[in-house]
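Trainee: Next comes the structure file my_file.pdb, holding PDB, C-alpha atoms, pLDDT in the B column.
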ATOM      1  CA  MET A 577     115.708 -58.425  87.763  1.00 43.00           C
ATOM      2  CA  ASN A 578     115.755 -58.870  91.530  1.00 48.00           C
ATOM      3  CA  THR A 579     112.179 -59.397  92.719  1.00 62.00           C
ATOM      4  CA  ARG A 580     111.206 -57.842  96.022  1.00 89.00           C
ATOM      5  CA  VAL A 581     107.475 -57.925  96.582  1.00 94.00           C
ATOM      6  CA  TYR A 582     105.975 -55.716  99.268  1.00 96.00           C
ATOM      7  CA  GLN A 583     102.598 -56.502 100.798  1.00 96.00           C
ATOM      8  CA  PHE A 584     100.466 -53.589 101.937  1.00 98.00           C
ATOM      9  CA  GLU A 585      97.689 -54.800 104.221  1.00 97.00           C
ATOM     10  CA  PHE A 586      94.871 -52.477 105.245  1.00 98.00           C
ATOM     11  CA  THR A 587      92.605 -52.292 108.294  1.00 97.00           C
ATOM     12  CA  PRO A 588      88.824 -52.298 107.805  1.00 96.00           C
ATOM     13  CA  LEU A 589      88.809 -48.507 108.305  1.00 94.00           C
ATOM     14  CA  ALA A 590      90.977 -47.904 105.228  1.00 95.00           C
ATOM     15  CA  ASP A 591      89.175 -47.838 101.871  1.00 96.00           C
ATOM     16  CA  ILE A 592      90.995 -50.355  99.646  1.00 96.00           C
ATOM     17  CA  THR A 593      89.644 -48.661  96.493  1.00 96.00           C
ATOM     18  CA  GLU A 594      91.132 -45.349  97.623  1.00 97.00           C
ATOM     19  CA  ALA A 595      94.379 -47.130  98.471  1.00 98.00           C
ATOM     20  CA  GLU A 596      94.638 -48.474  94.922  1.00 97.00           C
ATOM     21  CA  ALA A 597      93.950 -44.984  93.554  1.00 97.00           C
ATOM     22  CA  THR A 598      96.768 -43.713  95.777  1.00 98.00           C
ATOM     23  CA  LEU A 599      99.041 -46.377  94.289  1.00 98.00           C
ATOM     24  CA  GLN A 600      98.229 -44.984  90.841  1.00 97.00           C
ATOM     25  CA  LEU A 601      99.368 -41.558  92.060  1.00 98.00           C
ATOM     26  CA  ALA A 602     102.617 -43.094  93.323  1.00 98.00           C
ATOM     27  CA  ILE A 603     103.138 -44.683  89.900  1.00 98.00           C
ATOM     28  CA  ILE A 604     102.567 -41.327  88.180  1.00 97.00           C
ATOM     29  CA  ALA A 605     105.091 -39.718  90.538  1.00 97.00           C
ATOM     30  CA  ALA A 606     107.650 -42.421  89.711  1.00 98.00           C
ATOM     31  CA  GLU A 607     107.043 -41.808  86.007  1.00 97.00           C
ATOM     32  CA  GLY A 608     108.115 -38.214  86.619  1.00 96.00           C
ATOM     33  CA  LEU A 609     111.416 -39.505  87.985  1.00 96.00           C
ATOM     34  CA  PHE A 610     112.134 -42.445  85.667  1.00 97.00           C
ATOM     35  CA  GLY A 611     109.940 -41.928  82.608  1.00 96.00           C
ATOM     36  CA  GLU A 612     106.720 -43.671  81.669  1.00 96.00           C
ATOM     37  CA  ALA A 613     108.379 -46.434  79.630  1.00 96.00           C
ATOM     38  CA  GLN A 614     110.778 -47.417  82.425  1.00 96.00           C
ATOM     39  CA  VAL A 615     107.990 -47.612  84.991  1.00 96.00           C
ATOM     40  CA  ARG A 616     105.689 -49.570  82.679  1.00 94.00           C
ATOM     41  CA  MET A 617     108.437 -52.104  81.994  1.00 95.00           C
ATOM     42  CA  THR A 618     109.609 -52.615  85.582  1.00 94.00           C
ATOM     43  CA  VAL A 619     106.753 -51.929  88.007  1.00 95.00           C
ATOM     44  CA  SER A 620     103.883 -54.310  88.631  1.00 94.00           C
ATOM     45  CA  TYR A 621     101.267 -54.728  91.330  1.00 95.00           C
ATOM     46  CA  HIS A 622      98.322 -56.883  92.297  1.00 94.00           C
ATOM     47  CA  ALA A 623      95.377 -55.760  94.407  1.00 95.00           C
ATOM     48  CA  VAL A 624      93.289 -58.338  96.291  1.00 94.00           C
ATOM     49  CA  PRO A 625      90.364 -56.355  97.724  1.00 95.00           C
ATOM     50  CA  ALA A 626      88.832 -59.420  99.419  1.00 95.00           C
ATOM     51  CA  HIS A 627      92.045 -59.858 101.445  1.00 95.00           C
ATOM     52  CA  ARG A 628      92.532 -56.091 101.872  1.00 97.00           C
ATOM     53  CA  VAL A 629      96.033 -56.292 100.409  1.00 97.00           C
ATOM     54  CA  ILE A 630      98.008 -54.788  97.555  1.00 97.00           C
ATOM     55  CA  HIS A 631     101.294 -56.328  96.409  1.00 96.00           C
ATOM     56  CA  VAL A 632     103.875 -54.140  94.691  1.00 96.00           C
ATOM     57  CA  ASP A 633     107.052 -55.385  93.002  1.00 94.00           C
ATOM     58  CA  GLY A 634     109.826 -53.163  94.316  1.00 92.00           C
ATOM     59  CA  GLY A 635     112.682 -55.107  92.731  1.00 91.00           C
ATOM     60  CA  SER A 636     113.811 -52.343  90.391  1.00 93.00           C
ATOM     61  CA  GLU A 637     114.956 -48.811  91.115  1.00 96.00           C
ATOM     62  CA  SER A 638     111.654 -47.440  89.834  1.00 96.00           C
ATOM     63  CA  GLY A 639     109.677 -50.107  91.714  1.00 95.00           C
ATOM     64  CA  ASP A 640     111.501 -49.228  94.912  1.00 96.00           C
ATOM     65  CA  ALA A 641     110.554 -45.576  94.340  1.00 97.00           C
ATOM     66  CA  VAL A 642     106.891 -46.532  93.861  1.00 98.00           C
ATOM     67  CA  VAL A 643     106.938 -48.489  97.144  1.00 97.00           C
ATOM     68  CA  ARG A 644     108.519 -45.559  99.015  1.00 98.00           C
ATOM     69  CA  ILE A 645     106.178 -42.958  97.500  1.00 98.00           C
ATOM     70  CA  PHE A 646     103.125 -45.180  98.071  1.00 98.00           C
ATOM     71  CA  THR A 647     104.079 -45.731 101.706  1.00 98.00           C
ATOM     72  CA  SER A 648     104.475 -41.995 102.267  1.00 98.00           C
ATOM     73  CA  LEU A 649     101.177 -41.143 100.563  1.00 98.00           C
ATOM     74  CA  LEU A 650      99.301 -43.827 102.526  1.00 98.00           C
ATOM     75  CA  THR A 651     100.710 -42.496 105.787  1.00 98.00           C
ATOM     76  CA  CYS A 652      99.416 -39.015 104.921  1.00 97.00           C
ATOM     77  CA  GLU A 653      96.060 -40.232 103.630  1.00 96.00           C
ATOM     78  CA  PHE A 654      95.118 -42.952 106.132  1.00 97.00           C
ATOM     79  CA  GLY A 655      97.587 -42.557 108.985  1.00 96.00           C
ATOM     80  CA  PRO A 656     100.336 -44.953 110.042  1.00 96.00           C
ATOM     81  CA  ASP A 657      98.018 -47.278 111.985  1.00 96.00           C
ATOM     82  CA  GLU A 658      95.625 -48.092 109.117  1.00 97.00           C
ATOM     83  CA  PHE A 659      98.044 -50.222 107.092  1.00 98.00           C
ATOM     84  CA  THR A 660     101.149 -52.351 107.386  1.00 97.00           C
ATOM     85  CA  VAL A 661     103.838 -52.971 104.809  1.00 97.00           C
ATOM     86  CA  ARG A 662     106.247 -55.882 104.745  1.00 95.00           C
ATOM     87  CA  ARG A 663     108.418 -57.715 102.302  1.00 93.00           C
ATOM     88  CA  VAL A 664     107.042 -61.123 101.247  1.00 91.00           C
ATOM     89  CA  SER A 665     108.510 -63.971  99.243  1.00 80.00           C
ATOM     90  CA  SER A 666     105.649 -63.962  96.737  1.00 66.00           C
ATOM     91  CA  PRO A 667     102.209 -62.409  96.307  1.00 57.00           C
ATOM     92  CA  ILE A 668      98.970 -64.259  97.020  1.00 51.00           C
ATOM     93  CA  CYS A 669      98.430 -64.491  93.265  1.00 55.00           C
ATOM     94  CA  ASP A 670     101.151 -64.924  90.652  1.00 52.00           C
ATOM     95  CA  CYS A 671      99.375 -62.516  88.324  1.00 55.00           C
ATOM     96  CA  MET A 672     100.919 -59.098  88.939  1.00 54.00           C
ATOM     97  CA  GLU A 673      99.451 -56.243  86.885  1.00 56.00           C
ATOM     98  CA  VAL A 674     101.862 -54.059  84.963  1.00 55.00           C
ATOM     99  CA  ALA A 675     101.610 -50.409  85.900  1.00 58.00           C
ATOM    100  CA  ALA A 676      99.659 -48.560  83.242  1.00 52.00           C
TER     101      ALA A 676
END
As structure tokens - that is how I would like this structure written.
Mentor:
Amino acid sequence: MNTRVYQFEFTPLADITEAEATLQLAIIAAEGLFGEAQVRMTVSYHAVPAHRVIHVDGGSESGDAVVRIFTSLLTCEFGPDEFTVRRVSSPICDCMEVAA
């Protein structure tokens, strides 16, 4: 699988706990498109609240959908100036959580 990790970094005004809950909604939406099993097998993420970042593996078709949905939901929820998203070579921590 091609690994493309996206780093979402949040300003102090954005609630990182709410951002992670929004990621869960994006995962549920992707499950509607690809099925729960496919998403569970191919999508992973890692939240680092102390650094105000969430890493999402967008290297699969379903992972790419999660990244796109998450970005759209964050823009609606927090506004475009409260977070940045960029592709990174690897997450801060090698331990990515599988979407559940």
Trainee: So which residues touch A:Ile603 within 10 Å, counting only C-alpha atoms, skipping near sequence neighbours fewer than 2 positions away, as a PyMOL selection string?
Mentor: chain A and resi 597-601+605-609+612+615-616+619-620+638-639+641-643+645-646+675-676
Trainee: Could you list, as a PyMOL selection string, every residue within 7 Å of A:Arg663, counting only C-alpha atoms and ignoring same-chain residues fewer than 2 positions away?
Mentor: chain A and resi 580-583+665
Trainee: Check the smallest atom-to-atom distance from each of A:Val664, A:Cys652, A:Ala613, A:Ala595 to A:Gly634 using only C-alpha atoms, then report the winner.
Mentor: A:Val664
Trainee: Just say which residues the PyMOL selection byres ((chain A and resi 661) around 12) picks in this file, as a compact mmCIF listing (two decimals) with C-alpha atoms, keeping the file's coordinate frame.
Mentor:
# COMPACT_ATOMS: atom_id res chain seq x y z
CA VAL A 581 107.48 -57.92 96.58
CA TYR A 582 105.98 -55.72 99.27
CA GLN A 583 102.60 -56.50 100.80
CA PHE A 584 100.47 -53.59 101.94
CA GLU A 585 97.69 -54.80 104.22
CA PHE A 586 94.87 -52.48 105.24
CA THR A 587 92.60 -52.29 108.29
CA VAL A 629 96.03 -56.29 100.41
CA ILE A 630 98.01 -54.79 97.56
CA HIS A 631 101.29 -56.33 96.41
CA VAL A 632 103.88 -54.14 94.69
CA VAL A 643 106.94 -48.49 97.14
CA ARG A 644 108.52 -45.56 99.02
CA PHE A 646 103.12 -45.18 98.07
CA THR A 647 104.08 -45.73 101.71
CA SER A 648 104.48 -42.00 102.27
CA LEU A 650 99.30 -43.83 102.53
CA THR A 651 100.71 -42.50 105.79
CA PRO A 656 100.34 -44.95 110.04
CA ASP A 657 98.02 -47.28 111.98
CA GLU A 658 95.62 -48.09 109.12
CA PHE A 659 98.04 -50.22 107.09
CA THR A 660 101.15 -52.35 107.39
CA ARG A 662 106.25 -55.88 104.74
CA ARG A 663 108.42 -57.72 102.30
CA VAL A 664 107.04 -61.12 101.25
Trainee: In Å to one decimal, how far is atom CA of A:Ala602 from atom CA of A:Gly635?
Mentor: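 Between atom CA of A:Gly635 and atom CA of A:Ala602 the gap works out to 15.7 Å.
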Trainee: How many Å lie between atom CA of A:Gln614 and atom CA of A:Asp591, rounded to one decimal?
Mentor: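 Taking atom CA of A:Gln614 as the start and atom CA of A:Asp591 as the end point, the length is 29.1 Å.
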Trainee: Please report the interatomic distance between atom CA of A:Asp640 and atom CA of A:Thr618 in Å with one decimal.
Mentor: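 Answer for the atom CA of A:Asp640 to atom CA of A:Thr618 separation: 10.1 Å.
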Trainee: Could you check which of A:Phe610, A:Ala626, A:Glu637, A:Phe654 is closest to A:Ala590, using all atoms listed in the file?
Mentor: A:Phe654
Trainee: Counting all atoms listed in the file, which of A:Met617, A:Ile592, A:Leu649, A:Ile604 gets nearest to A:Asp633?
Mentor: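 Checking each candidate against A:Asp633, we get A:Met617 as the closest.
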